[in-house]
Amino acid sequence: MLIIILYFFIFIVAVQILFYLGFFGKFAFAKVQKITPKKIPISVIICAKNEEENVINFIPLLAEQNYPDFEIVLIDDASNDNTLAIFEGFEKQYPNIRLVKVQNNEAFWGNKKYALTLGIKAAKKEYLLFTDADCYPTSKEWITAMSSQFTMQKTIVLGYGKYEKIANSFLNKIIRFETLLTAIQYFSWAKMGHPYMGVGRNLAYKKEEFFNVNGFIEHMKVRSGDDDLFVNQAANARNTTIAFMPESFTYSKPKTTYKDWIIQKRRHIATANYYKKFDKFQLGIFYCSQLLFILLAIVLLAFQFQWMIVLGLFCLRYITAWIVIGFSAGKLKEKDVVYWYPIIELVLIFTQINIFITNTFSKPVHWK
């Protein structure tokens, strides 16, 4: 029996190395990107619901972007705090700000996709750049960096949304590592010509891409997924590219309690159930092989069966993964979390198991 487990362990190690070197290496070892400014018209779109504390600080940072031709479309999704009043003040202050007021609709009550659809239709520019109300750009060149990756063929640009660092917080390291690993995955698959997701914190596409797939209509009833489900449906090898130069990053405030982070992760994982079959398959294989790698290694080492071979394969897999993640973290300016990789990976594996079980028996909470 142990010999069968050993052979299976060897297979799982091979699968993990294939993912890290064969797939994720496409991004990890990619050439550094350069910004070639383009003067295409851009509409920056932000949808907010009860975000008064964030928008009062972050919208001015967007309004001060160093870009020749852009507008900001602010969407107030029926807020019941001071968000709308703040937006109205910004509309008077900045000539390039356009305000969209969304009233609660019985058919689309509390549906962010409905609010975004109204904002997209109101946008006057041909190219759209999205971020969230709790996000802000890392530089005044954010629009320039993201728009620089558009070409005649590449009309969807996947960006990176970072989370702020919180000193002496292990949860913060977990959140930022998980965000890094997710970015490695969707950037790598996009470079291989199979884009499957993006993040609404930093995403751009030409308006015609939205209408080509009838917007969010196919997944309107799914409360989340205005970013990843749209990309999963609309993106392909011909029309999609990535932006990962530091000027293209956005920052957002991370969750500060484990409970809040779990609620957020439950939404993300539930949304992945609506991905295309191949995308669910490749994600499932990766995460299952992660879990099996740990469990089989524990069993074999506990029985000290061919322990030198097992330990060698164990180290080979970790060294391979560490190198790939390390190079990727260097590109995305997240090097400090890499040192905690083995511990964080264990936490994430068992967190995902917990979320999968929880989601099986109850639905996660979505848009505010």
# chains A, B, ... in the order shown; residues from 1 in each chain; ligands from 1

$ closest_atom_pairs --of "stretch 6-39 of chain A" --to "stretch 169-190 of chain A" --cutoff "7 Å" --atoms "only C-alpha atoms" --output "CSV"
residue,atom,partner,partner_atom,distance
A:Phe23,CA,A:Ser188,CA,6.3
A:Phe24,CA,A:Ser188,CA,5.2
A:Lys26,CA,A:Ser188,CA,5.5
A:Phe27,CA,A:Ser188,CA,4.9

$ write_last_selection --atoms "all heavy atoms" --output "short mmCIF file (atom, residue, chain, number, x, y, z; two decimals), in the first residue's frame"
data_model
loop_
_atom_site.label_atom_id
_atom_site.label_comp_id
_atom_site.auth_asym_id
_atom_site.auth_seq_id
_atom_site.Cartn_x
_atom_site.Cartn_y
_atom_site.Cartn_z
N PHE A 23 3.46 26.45 -16.09
CA PHE A 23 2.38 27.43 -16.25
C PHE A 23 2.73 28.78 -15.61
O PHE A 23 2.83 29.80 -16.30
CB PHE A 23 1.07 26.90 -15.65
CG PHE A 23 0.60 25.61 -16.27
CD1 PHE A 23 -0.26 24.76 -15.57
CD2 PHE A 23 0.99 25.24 -17.55
CE1 PHE A 23 -0.71 23.58 -16.13
CE2 PHE A 23 0.53 24.05 -18.12
CZ PHE A 23 -0.31 23.22 -17.41
N PHE A 24 2.95 28.78 -14.30
CA PHE A 24 3.17 30.04 -13.60
C PHE A 24 4.51 30.68 -13.96
O PHE A 24 4.69 31.89 -13.80
CB PHE A 24 3.09 29.83 -12.08
CG PHE A 24 1.80 29.22 -11.63
CD1 PHE A 24 1.71 28.57 -10.41
CD2 PHE A 24 0.65 29.28 -12.41
CE1 PHE A 24 0.52 28.00 -9.98
CE2 PHE A 24 -0.55 28.71 -12.00
CZ PHE A 24 -0.61 28.06 -10.77
N LYS A 26 5.44 31.26 -16.83
CA LYS A 26 5.20 32.15 -17.96
C LYS A 26 5.15 33.61 -17.51
O LYS A 26 5.59 34.51 -18.23
CB LYS A 26 3.87 31.79 -18.65
CG LYS A 26 3.82 30.39 -19.24
CD LYS A 26 4.77 30.23 -20.39
CE LYS A 26 4.62 28.83 -21.01
NZ LYS A 26 5.57 28.61 -22.12
N PHE A 27 4.60 33.82 -16.30
CA PHE A 27 4.59 35.18 -15.76
C PHE A 27 5.85 35.47 -14.95
O PHE A 27 6.45 36.54 -15.08
CB PHE A 27 3.36 35.41 -14.88
CG PHE A 27 3.41 36.71 -14.13
CD1 PHE A 27 3.31 37.92 -14.81
CD2 PHE A 27 3.56 36.73 -12.75
CE1 PHE A 27 3.36 39.13 -14.12
CE2 PHE A 27 3.61 37.93 -12.05
CZ PHE A 27 3.51 39.13 -12.74
#

$ residues_around --residues "A:Pro342" --least-positions-apart "3" --cutoff "12 Å" --atoms "only C-alpha atoms" --output "PDB file with all heavy atoms, in the first residue's frame"
ATOM      1  N   ILE A 174      -1.156  36.907   5.027  1.00  0.00           N
ATOM      2  CA  ILE A 174      -1.954  35.862   4.376  1.00  0.00           C
ATOM      3  C   ILE A 174      -2.761  36.456   3.225  1.00  0.00           C
ATOM      4  O   ILE A 174      -2.791  35.915   2.112  1.00  0.00           O
ATOM      5  CB  ILE A 174      -2.903  35.187   5.392  1.00  0.00           C
ATOM      6  CG1 ILE A 174      -2.105  34.415   6.446  1.00  0.00           C
ATOM      7  CG2 ILE A 174      -3.871  34.243   4.679  1.00  0.00           C
ATOM      8  CD1 ILE A 174      -2.969  33.872   7.574  1.00  0.00           C
ATOM      9  N   PHE A 177      -0.453  37.491   0.373  1.00  0.00           N
ATOM     10  CA  PHE A 177       0.093  36.325  -0.334  1.00  0.00           C
ATOM     11  C   PHE A 177      -0.969  35.681  -1.211  1.00  0.00           C
ATOM     12  O   PHE A 177      -0.703  35.320  -2.365  1.00  0.00           O
ATOM     13  CB  PHE A 177       0.639  35.295   0.651  1.00  0.00           C
ATOM     14  CG  PHE A 177       1.217  34.081  -0.032  1.00  0.00           C
ATOM     15  CD1 PHE A 177       2.542  34.065  -0.416  1.00  0.00           C
ATOM     16  CD2 PHE A 177       0.422  32.979  -0.317  1.00  0.00           C
ATOM     17  CE1 PHE A 177       3.076  32.952  -1.076  1.00  0.00           C
ATOM     18  CE2 PHE A 177       0.943  31.872  -0.968  1.00  0.00           C
ATOM     19  CZ  PHE A 177       2.275  31.863  -1.357  1.00  0.00           C
ATOM     20  N   GLN A 290      -2.228  20.578  -4.340  1.00  0.00           N
ATOM     21  CA  GLN A 290      -1.604  21.206  -3.167  1.00  0.00           C
ATOM     22  C   GLN A 290      -1.930  20.425  -1.896  1.00  0.00           C
ATOM     23  O   GLN A 290      -1.036  20.110  -1.094  1.00  0.00           O
ATOM     24  CB  GLN A 290      -2.112  22.645  -2.996  1.00  0.00           C
ATOM     25  CG  GLN A 290      -1.380  23.712  -3.776  1.00  0.00           C
ATOM     26  CD  GLN A 290      -1.856  25.092  -3.362  1.00  0.00           C
ATOM     27  OE1 GLN A 290      -3.053  25.345  -3.243  1.00  0.00           O
ATOM     28  NE2 GLN A 290      -0.930  25.988  -3.127  1.00  0.00           N
ATOM     29  N   ILE A 294       0.647  17.770   0.568  1.00  0.00           N
ATOM     30  CA  ILE A 294       0.882  17.859   2.008  1.00  0.00           C
ATOM     31  C   ILE A 294       0.483  16.566   2.710  1.00  0.00           C
ATOM     32  O   ILE A 294       1.250  16.002   3.509  1.00  0.00           O
ATOM     33  CB  ILE A 294       0.096  19.048   2.606  1.00  0.00           C
ATOM     34  CG1 ILE A 294       0.573  20.372   2.007  1.00  0.00           C
ATOM     35  CG2 ILE A 294       0.220  19.070   4.133  1.00  0.00           C
ATOM     36  CD1 ILE A 294       2.005  20.714   2.310  1.00  0.00           C
ATOM     37  N   PHE A 314       9.937  16.385  -1.682  1.00  0.00           N
ATOM     38  CA  PHE A 314       9.308  17.438  -0.883  1.00  0.00           C
ATOM     39  C   PHE A 314      10.081  18.752  -1.036  1.00  0.00           C
ATOM     40  O   PHE A 314       9.492  19.810  -1.297  1.00  0.00           O
ATOM     41  CB  PHE A 314       9.268  17.001   0.583  1.00  0.00           C
ATOM     42  CG  PHE A 314       8.522  17.924   1.499  1.00  0.00           C
ATOM     43  CD1 PHE A 314       7.153  17.805   1.652  1.00  0.00           C
ATOM     44  CD2 PHE A 314       9.188  18.896   2.221  1.00  0.00           C
ATOM     45  CE1 PHE A 314       6.448  18.653   2.507  1.00  0.00           C
ATOM     46  CE2 PHE A 314       8.507  19.742   3.076  1.00  0.00           C
ATOM     47  CZ  PHE A 314       7.128  19.621   3.224  1.00  0.00           C
ATOM     48  N   CYS A 315      11.388  18.674  -0.889  1.00  0.00           N
ATOM     49  CA  CYS A 315      12.235  19.874  -1.006  1.00  0.00           C
ATOM     50  C   CYS A 315      12.252  20.409  -2.439  1.00  0.00           C
ATOM     51  O   CYS A 315      12.229  21.633  -2.652  1.00  0.00           O
ATOM     52  CB  CYS A 315      13.655  19.557  -0.554  1.00  0.00           C
ATOM     53  SG  CYS A 315      13.799  19.220   1.224  1.00  0.00           S
ATOM     54  N   ARG A 317       9.891  20.235  -4.701  1.00  0.00           N
ATOM     55  CA  ARG A 317       8.647  20.966  -4.981  1.00  0.00           C
ATOM     56  C   ARG A 317       8.663  22.337  -4.317  1.00  0.00           C
ATOM     57  O   ARG A 317       8.284  23.344  -4.913  1.00  0.00           O
ATOM     58  CB  ARG A 317       7.463  20.137  -4.501  1.00  0.00           C
ATOM     59  CG  ARG A 317       6.099  20.771  -4.800  1.00  0.00           C
ATOM     60  CD  ARG A 317       5.638  21.625  -3.634  1.00  0.00           C
ATOM     61  NE  ARG A 317       4.305  22.184  -3.842  1.00  0.00           N
ATOM     62  CZ  ARG A 317       3.726  23.014  -2.998  1.00  0.00           C
ATOM     63  NH1 ARG A 317       4.372  23.418  -1.919  1.00  0.00           N
ATOM     64  NH2 ARG A 317       2.519  23.488  -3.251  1.00  0.00           N
ATOM     65  N   TYR A 318       9.094  22.417  -3.043  1.00  0.00           N
ATOM     66  CA  TYR A 318       9.088  23.688  -2.333  1.00  0.00           C
ATOM     67  C   TYR A 318      10.082  24.684  -2.935  1.00  0.00           C
ATOM     68  O   TYR A 318       9.790  25.876  -3.068  1.00  0.00           O
ATOM     69  CB  TYR A 318       9.367  23.489  -0.844  1.00  0.00           C
ATOM     70  CG  TYR A 318       8.105  23.383  -0.035  1.00  0.00           C
ATOM     71  CD1 TYR A 318       7.757  22.193   0.588  1.00  0.00           C
ATOM     72  CD2 TYR A 318       7.234  24.474   0.080  1.00  0.00           C
ATOM     73  CE1 TYR A 318       6.579  22.084   1.324  1.00  0.00           C
ATOM     74  CE2 TYR A 318       6.066  24.370   0.803  1.00  0.00           C
ATOM     75  CZ  TYR A 318       5.737  23.184   1.424  1.00  0.00           C
ATOM     76  OH  TYR A 318       4.568  23.077   2.137  1.00  0.00           O
ATOM     77  N   ILE A 319      11.248  24.181  -3.311  1.00  0.00           N
ATOM     78  CA  ILE A 319      12.255  25.069  -3.908  1.00  0.00           C
ATOM     79  C   ILE A 319      11.747  25.618  -5.241  1.00  0.00           C
ATOM     80  O   ILE A 319      11.876  26.814  -5.534  1.00  0.00           O
ATOM     81  CB  ILE A 319      13.594  24.327  -4.082  1.00  0.00           C
ATOM     82  CG1 ILE A 319      14.221  24.044  -2.711  1.00  0.00           C
ATOM     83  CG2 ILE A 319      14.551  25.148  -4.951  1.00  0.00           C
ATOM     84  CD1 ILE A 319      15.429  23.144  -2.755  1.00  0.00           C
ATOM     85  N   ALA A 321       8.592  25.959  -6.261  1.00  0.00           N
ATOM     86  CA  ALA A 321       7.504  26.907  -6.019  1.00  0.00           C
ATOM     87  C   ALA A 321       8.038  28.218  -5.453  1.00  0.00           C
ATOM     88  O   ALA A 321       7.609  29.306  -5.853  1.00  0.00           O
ATOM     89  CB  ALA A 321       6.485  26.295  -5.066  1.00  0.00           C
ATOM     90  N   TRP A 322       8.983  28.127  -4.545  1.00  0.00           N
ATOM     91  CA  TRP A 322       9.537  29.321  -3.909  1.00  0.00           C
ATOM     92  C   TRP A 322      10.222  30.228  -4.936  1.00  0.00           C
ATOM     93  O   TRP A 322      10.094  31.450  -4.894  1.00  0.00           O
ATOM     94  CB  TRP A 322      10.533  28.920  -2.826  1.00  0.00           C
ATOM     95  CG  TRP A 322      10.400  29.702  -1.552  1.00  0.00           C
ATOM     96  CD1 TRP A 322      10.057  31.025  -1.425  1.00  0.00           C
ATOM     97  CD2 TRP A 322      10.585  29.217  -0.224  1.00  0.00           C
ATOM     98  NE1 TRP A 322      10.028  31.394  -0.106  1.00  0.00           N
ATOM     99  CE2 TRP A 322      10.344  30.297   0.658  1.00  0.00           C
ATOM    100  CE3 TRP A 322      10.935  27.982   0.315  1.00  0.00           C
ATOM    101  CZ2 TRP A 322      10.457  30.193   2.053  1.00  0.00           C
ATOM    102  CZ3 TRP A 322      11.042  27.870   1.681  1.00  0.00           C
ATOM    103  CH2 TRP A 322      10.805  28.945   2.538  1.00  0.00           C
ATOM    104  N   ILE A 325       7.401  31.802  -7.216  1.00  0.00           N
ATOM    105  CA  ILE A 325       6.662  32.808  -6.458  1.00  0.00           C
ATOM    106  C   ILE A 325       7.558  34.002  -6.151  1.00  0.00           C
ATOM    107  O   ILE A 325       7.119  35.166  -6.205  1.00  0.00           O
ATOM    108  CB  ILE A 325       6.093  32.197  -5.163  1.00  0.00           C
ATOM    109  CG1 ILE A 325       5.002  31.184  -5.504  1.00  0.00           C
ATOM    110  CG2 ILE A 325       5.522  33.284  -4.251  1.00  0.00           C
ATOM    111  CD1 ILE A 325       4.490  30.402  -4.309  1.00  0.00           C
ATOM    112  N   VAL A 337       6.186  38.881   1.669  1.00  0.00           N
ATOM    113  CA  VAL A 337       5.301  37.767   2.035  1.00  0.00           C
ATOM    114  C   VAL A 337       5.873  36.419   1.622  1.00  0.00           C
ATOM    115  O   VAL A 337       5.434  35.376   2.124  1.00  0.00           O
ATOM    116  CB  VAL A 337       3.894  37.940   1.423  1.00  0.00           C
ATOM    117  CG1 VAL A 337       3.247  39.221   1.910  1.00  0.00           C
ATOM    118  CG2 VAL A 337       3.929  37.898  -0.096  1.00  0.00           C
ATOM    119  N   VAL A 338       6.844  36.420   0.725  1.00  0.00           N
ATOM    120  CA  VAL A 338       7.388  35.158   0.204  1.00  0.00           C
ATOM    121  C   VAL A 338       8.119  34.385   1.295  1.00  0.00           C
ATOM    122  O   VAL A 338       8.125  33.151   1.296  1.00  0.00           O
ATOM    123  CB  VAL A 338       8.327  35.428  -0.991  1.00  0.00           C
ATOM    124  CG1 VAL A 338       8.944  34.131  -1.512  1.00  0.00           C
ATOM    125  CG2 VAL A 338       7.565  36.121  -2.103  1.00  0.00           C
ATOM    126  N   TYR A 339       8.723  35.090   2.241  1.00  0.00           N
ATOM    127  CA  TYR A 339       9.462  34.420   3.310  1.00  0.00           C
ATOM    128  C   TYR A 339       8.564  33.523   4.149  1.00  0.00           C
ATOM    129  O   TYR A 339       9.025  32.566   4.772  1.00  0.00           O
ATOM    130  CB  TYR A 339      10.135  35.460   4.213  1.00  0.00           C
ATOM    131  CG  TYR A 339      11.047  36.401   3.464  1.00  0.00           C
ATOM    132  CD1 TYR A 339      10.786  37.768   3.414  1.00  0.00           C
ATOM    133  CD2 TYR A 339      12.163  35.935   2.776  1.00  0.00           C
ATOM    134  CE1 TYR A 339      11.614  38.645   2.713  1.00  0.00           C
ATOM    135  CE2 TYR A 339      12.993  36.791   2.072  1.00  0.00           C
ATOM    136  CZ  TYR A 339      12.714  38.138   2.047  1.00  0.00           C
ATOM    137  OH  TYR A 339      13.529  38.992   1.344  1.00  0.00           O
ATOM    138  N   GLU A 345       0.901  28.879   2.967  1.00  0.00           N
ATOM    139  CA  GLU A 345       0.283  27.897   2.077  1.00  0.00           C
ATOM    140  C   GLU A 345      -0.574  26.914   2.867  1.00  0.00           C
ATOM    141  O   GLU A 345      -1.699  26.589   2.467  1.00  0.00           O
ATOM    142  CB  GLU A 345       1.340  27.139   1.284  1.00  0.00           C
ATOM    143  CG  GLU A 345       0.721  26.139   0.311  1.00  0.00           C
ATOM    144  CD  GLU A 345       1.759  25.304  -0.418  1.00  0.00           C
ATOM    145  OE1 GLU A 345       2.662  24.758   0.255  1.00  0.00           O
ATOM    146  OE2 GLU A 345       1.662  25.197  -1.644  1.00  0.00           O
ATOM    147  N   LEU A 346      -0.057  26.441   4.001  1.00  0.00           N
ATOM    148  CA  LEU A 346      -0.827  25.515   4.840  1.00  0.00           C
ATOM    149  C   LEU A 346      -2.118  26.169   5.327  1.00  0.00           C
ATOM    150  O   LEU A 346      -3.196  25.558   5.294  1.00  0.00           O
ATOM    151  CB  LEU A 346       0.016  25.065   6.035  1.00  0.00           C
ATOM    152  CG  LEU A 346       1.117  24.039   5.755  1.00  0.00           C
ATOM    153  CD1 LEU A 346       1.953  23.821   7.005  1.00  0.00           C
ATOM    154  CD2 LEU A 346       0.515  22.723   5.279  1.00  0.00           C
ATOM    155  N   VAL A 347      -2.016  27.412   5.783  1.00  0.00           N
ATOM    156  CA  VAL A 347      -3.199  28.130   6.262  1.00  0.00           C
ATOM    157  C   VAL A 347      -4.230  28.260   5.147  1.00  0.00           C
ATOM    158  O   VAL A 347      -5.429  28.019   5.345  1.00  0.00           O
ATOM    159  CB  VAL A 347      -2.808  29.525   6.794  1.00  0.00           C
ATOM    160  CG1 VAL A 347      -4.061  30.333   7.134  1.00  0.00           C
ATOM    161  CG2 VAL A 347      -1.902  29.406   8.017  1.00  0.00           C
ATOM    162  N   LEU A 348      -3.776  28.623   3.936  1.00  0.00           N
ATOM    163  CA  LEU A 348      -4.689  28.820   2.811  1.00  0.00           C
ATOM    164  C   LEU A 348      -5.353  27.517   2.382  1.00  0.00           C
ATOM    165  O   LEU A 348      -6.544  27.491   2.058  1.00  0.00           O
ATOM    166  CB  LEU A 348      -3.939  29.437   1.629  1.00  0.00           C
ATOM    167  CG  LEU A 348      -3.568  30.910   1.760  1.00  0.00           C
ATOM    168  CD1 LEU A 348      -2.734  31.361   0.567  1.00  0.00           C
ATOM    169  CD2 LEU A 348      -4.819  31.776   1.883  1.00  0.00           C
ATOM    170  N   ILE A 349      -4.595  26.424   2.376  1.00  0.00           N
ATOM    171  CA  ILE A 349      -5.152  25.131   1.968  1.00  0.00           C
ATOM    172  C   ILE A 349      -6.320  24.740   2.859  1.00  0.00           C
ATOM    173  O   ILE A 349      -7.412  24.386   2.390  1.00  0.00           O
ATOM    174  CB  ILE A 349      -4.062  24.037   1.984  1.00  0.00           C
ATOM    175  CG1 ILE A 349      -3.089  24.231   0.821  1.00  0.00           C
ATOM    176  CG2 ILE A 349      -4.703  22.646   1.907  1.00  0.00           C
ATOM    177  CD1 ILE A 349      -1.877  23.316   0.872  1.00  0.00           C
TER     178      ILE A 349
END

$ residues_around --residues "A:Asp76" --least-positions-apart "5" --cutoff "10 Å" --atoms "only C-alpha atoms" --output "list in words"
Ile46, Cys47, Ala48, Lys49, Asn50, Glu51, Thr83, Leu84, Ala85, Phe87, Glu88, Leu99, Val100, Lys101, Val102, Gln103, Ala115, Leu116 and Gly119 of chain A

$ select_by_dssp --residues "stretch 83-272 of chain A" --states "alpha helix (DSSP H)" --output "MDAnalysis selection string"
chainID A and resid 83:93 112:122 142:147 170:191 207:212 228:234 258:272

$ write_last_selection --atoms "C-alpha atoms" --output "PDB file, in the first residue's frame"
ATOM      1  CA  THR A  83     -21.715  59.077  -0.521  1.00  0.00           C
ATOM      2  CA  LEU A  84     -24.084  60.778  -2.967  1.00  0.00           C
ATOM      3  CA  ALA A  85     -23.599  64.214  -1.389  1.00  0.00           C
ATOM      4  CA  ILE A  86     -19.816  63.798  -1.603  1.00  0.00           C
ATOM      5  CA  PHE A  87     -20.099  62.734  -5.242  1.00  0.00           C
ATOM      6  CA  GLU A  88     -22.237  65.788  -6.014  1.00  0.00           C
ATOM      7  CA  GLY A  89     -19.558  67.980  -4.473  1.00  0.00           C
ATOM      8  CA  PHE A  90     -16.873  66.363  -6.631  1.00  0.00           C
ATOM      9  CA  GLU A  91     -19.036  66.806  -9.735  1.00  0.00           C
ATOM     10  CA  LYS A  92     -19.095  70.545  -9.092  1.00  0.00           C
ATOM     11  CA  GLN A  93     -15.388  70.666  -8.266  1.00  0.00           C
ATOM     12  CA  LYS A 112     -23.890  46.004  -8.439  1.00  0.00           C
ATOM     13  CA  LYS A 113     -23.961  44.763 -12.031  1.00  0.00           C
ATOM     14  CA  TYR A 114     -27.112  46.768 -12.696  1.00  0.00           C
ATOM     15  CA  ALA A 115     -25.458  49.914 -11.303  1.00  0.00           C
ATOM     16  CA  LEU A 116     -22.289  49.302 -13.322  1.00  0.00           C
ATOM     17  CA  THR A 117     -24.310  48.777 -16.488  1.00  0.00           C
ATOM     18  CA  LEU A 118     -25.883  52.220 -16.064  1.00  0.00           C
ATOM     19  CA  GLY A 119     -22.444  53.718 -15.497  1.00  0.00           C
ATOM     20  CA  ILE A 120     -20.948  52.024 -18.547  1.00  0.00           C
ATOM     21  CA  LYS A 121     -23.790  53.272 -20.730  1.00  0.00           C
ATOM     22  CA  ALA A 122     -23.280  56.812 -19.372  1.00  0.00           C
ATOM     23  CA  TRP A 142      -1.960  54.742 -13.374  1.00  0.00           C
ATOM     24  CA  ILE A 143      -4.207  55.554 -16.330  1.00  0.00           C
ATOM     25  CA  THR A 144      -1.169  55.967 -18.567  1.00  0.00           C
ATOM     26  CA  ALA A 145       0.256  52.597 -17.503  1.00  0.00           C
ATOM     27  CA  MET A 146      -2.976  50.637 -17.858  1.00  0.00           C
ATOM     28  CA  SER A 147      -3.964  52.248 -21.174  1.00  0.00           C
ATOM     29  CA  PHE A 170       0.038  37.860  10.062  1.00  0.00           C
ATOM     30  CA  LEU A 171      -3.495  38.007   8.625  1.00  0.00           C
ATOM     31  CA  ASN A 172      -2.320  40.846   6.391  1.00  0.00           C
ATOM     32  CA  LYS A 173       0.515  38.663   5.099  1.00  0.00           C
ATOM     33  CA  ILE A 174      -1.954  35.862   4.376  1.00  0.00           C
ATOM     34  CA  ILE A 175      -4.264  38.214   2.477  1.00  0.00           C
ATOM     35  CA  ARG A 176      -1.458  39.721   0.417  1.00  0.00           C
ATOM     36  CA  PHE A 177       0.093  36.325  -0.334  1.00  0.00           C
ATOM     37  CA  GLU A 178      -3.254  34.917  -1.466  1.00  0.00           C
ATOM     38  CA  THR A 179      -3.731  37.997  -3.673  1.00  0.00           C
ATOM     39  CA  LEU A 180      -0.234  37.494  -5.107  1.00  0.00           C
ATOM     40  CA  LEU A 181      -0.865  33.804  -5.853  1.00  0.00           C
ATOM     41  CA  THR A 182      -4.198  34.597  -7.515  1.00  0.00           C
ATOM     42  CA  ALA A 183      -2.502  37.210  -9.708  1.00  0.00           C
ATOM     43  CA  ILE A 184       0.261  34.767 -10.656  1.00  0.00           C
ATOM     44  CA  GLN A 185      -2.427  32.361 -11.798  1.00  0.00           C
ATOM     45  CA  TYR A 186      -4.564  34.704 -13.903  1.00  0.00           C
ATOM     46  CA  PHE A 187      -1.558  36.559 -15.345  1.00  0.00           C
ATOM     47  CA  SER A 188       0.122  33.281 -16.314  1.00  0.00           C
ATOM     48  CA  TRP A 189      -2.947  31.791 -17.974  1.00  0.00           C
ATOM     49  CA  ALA A 190      -3.520  35.058 -19.829  1.00  0.00           C
ATOM     50  CA  LYS A 191       0.052  34.932 -21.151  1.00  0.00           C
ATOM     51  CA  LYS A 207     -16.708  49.439 -24.313  1.00  0.00           C
ATOM     52  CA  GLU A 208     -17.539  47.276 -27.346  1.00  0.00           C
ATOM     53  CA  GLU A 209     -16.317  44.183 -25.452  1.00  0.00           C
ATOM     54  CA  PHE A 210     -19.064  44.796 -22.902  1.00  0.00           C
ATOM     55  CA  PHE A 211     -21.786  44.996 -25.536  1.00  0.00           C
ATOM     56  CA  ASN A 212     -20.357  42.086 -27.559  1.00  0.00           C
ATOM     57  CA  ASP A 228     -14.071  37.740 -13.064  1.00  0.00           C
ATOM     58  CA  LEU A 229     -17.254  36.355 -14.629  1.00  0.00           C
ATOM     59  CA  PHE A 230     -17.187  39.082 -17.269  1.00  0.00           C
ATOM     60  CA  VAL A 231     -13.539  38.304 -18.099  1.00  0.00           C
ATOM     61  CA  ASN A 232     -14.281  34.575 -18.063  1.00  0.00           C
ATOM     62  CA  GLN A 233     -16.955  35.156 -20.678  1.00  0.00           C
ATOM     63  CA  ALA A 234     -15.439  37.910 -22.846  1.00  0.00           C
ATOM     64  CA  TYR A 258     -10.218  36.806  10.043  1.00  0.00           C
ATOM     65  CA  LYS A 259     -14.020  36.696  10.050  1.00  0.00           C
ATOM     66  CA  ASP A 260     -14.360  39.538   7.519  1.00  0.00           C
ATOM     67  CA  TRP A 261     -11.702  38.006   5.279  1.00  0.00           C
ATOM     68  CA  ILE A 262     -13.461  34.624   5.322  1.00  0.00           C
ATOM     69  CA  ILE A 263     -16.734  36.300   4.277  1.00  0.00           C
ATOM     70  CA  GLN A 264     -14.897  37.950   1.373  1.00  0.00           C
ATOM     71  CA  LYS A 265     -13.228  34.680   0.333  1.00  0.00           C
ATOM     72  CA  ARG A 266     -16.546  32.832   0.474  1.00  0.00           C
ATOM     73  CA  ARG A 267     -17.925  35.232  -2.160  1.00  0.00           C
ATOM     74  CA  HIS A 268     -14.891  34.784  -4.402  1.00  0.00           C
ATOM     75  CA  ILE A 269     -14.907  30.990  -4.226  1.00  0.00           C
ATOM     76  CA  ALA A 270     -18.674  30.810  -4.779  1.00  0.00           C
ATOM     77  CA  THR A 271     -18.327  32.946  -7.907  1.00  0.00           C
ATOM     78  CA  ALA A 272     -15.693  30.565  -9.331  1.00  0.00           C
TER      79      ALA A 272
END

$ closest_residue --among "A:Leu203, A:Leu128, A:Ala235, A:Val73" --to "A:Gln153" --atoms "only C-alpha atoms"
A:Ala235

$ closest_residue --among "A:Thr155, A:Thr256, A:Gln149, A:Asn66" --to "A:Asn236" --atoms "only C-alpha atoms"
A:Thr155

$ closest_residue --among "A:Lys39, A:Lys154, A:Lys331, A:Lys124" --to "A:Ala237" --atoms "only C-alpha atoms"
A:Lys154

$ closest_residue --among "A:Thr36, A:Gln304, A:Asn82, A:Asn354" --to "A:Ser148" --atoms "only C-alpha atoms"
A:Thr36

$ select_by_dssp --residues "stretch 56-285 of chain A" --states "strand (DSSP E or B)" --output "JSON, numbers by chain"
{"A": [70, 71, 72, 73, 74, 75, 76, 77, 97, 98, 99, 100, 101, 102, 127, 128, 129, 130, 131, 132, 135, 136, 137, 156, 157, 158, 161, 162, 163, 203, 204, 205, 206, 240, 241, 242, 250, 251, 252]}

$ closest_residue --among "A:Tyr163, A:Phe281, A:Thr250, A:Thr320" --to "A:Tyr196" --atoms "only C-alpha atoms"
A:Phe281

$ atom_distance --atom1 "atom CA of A:Ile343" --atom2 "atom CA of A:Lys162"
20.8 Å

$ atom_distance --atom1 "atom CA of A:Phe130" --atom2 "atom CA of A:Met152"
19.8 Å
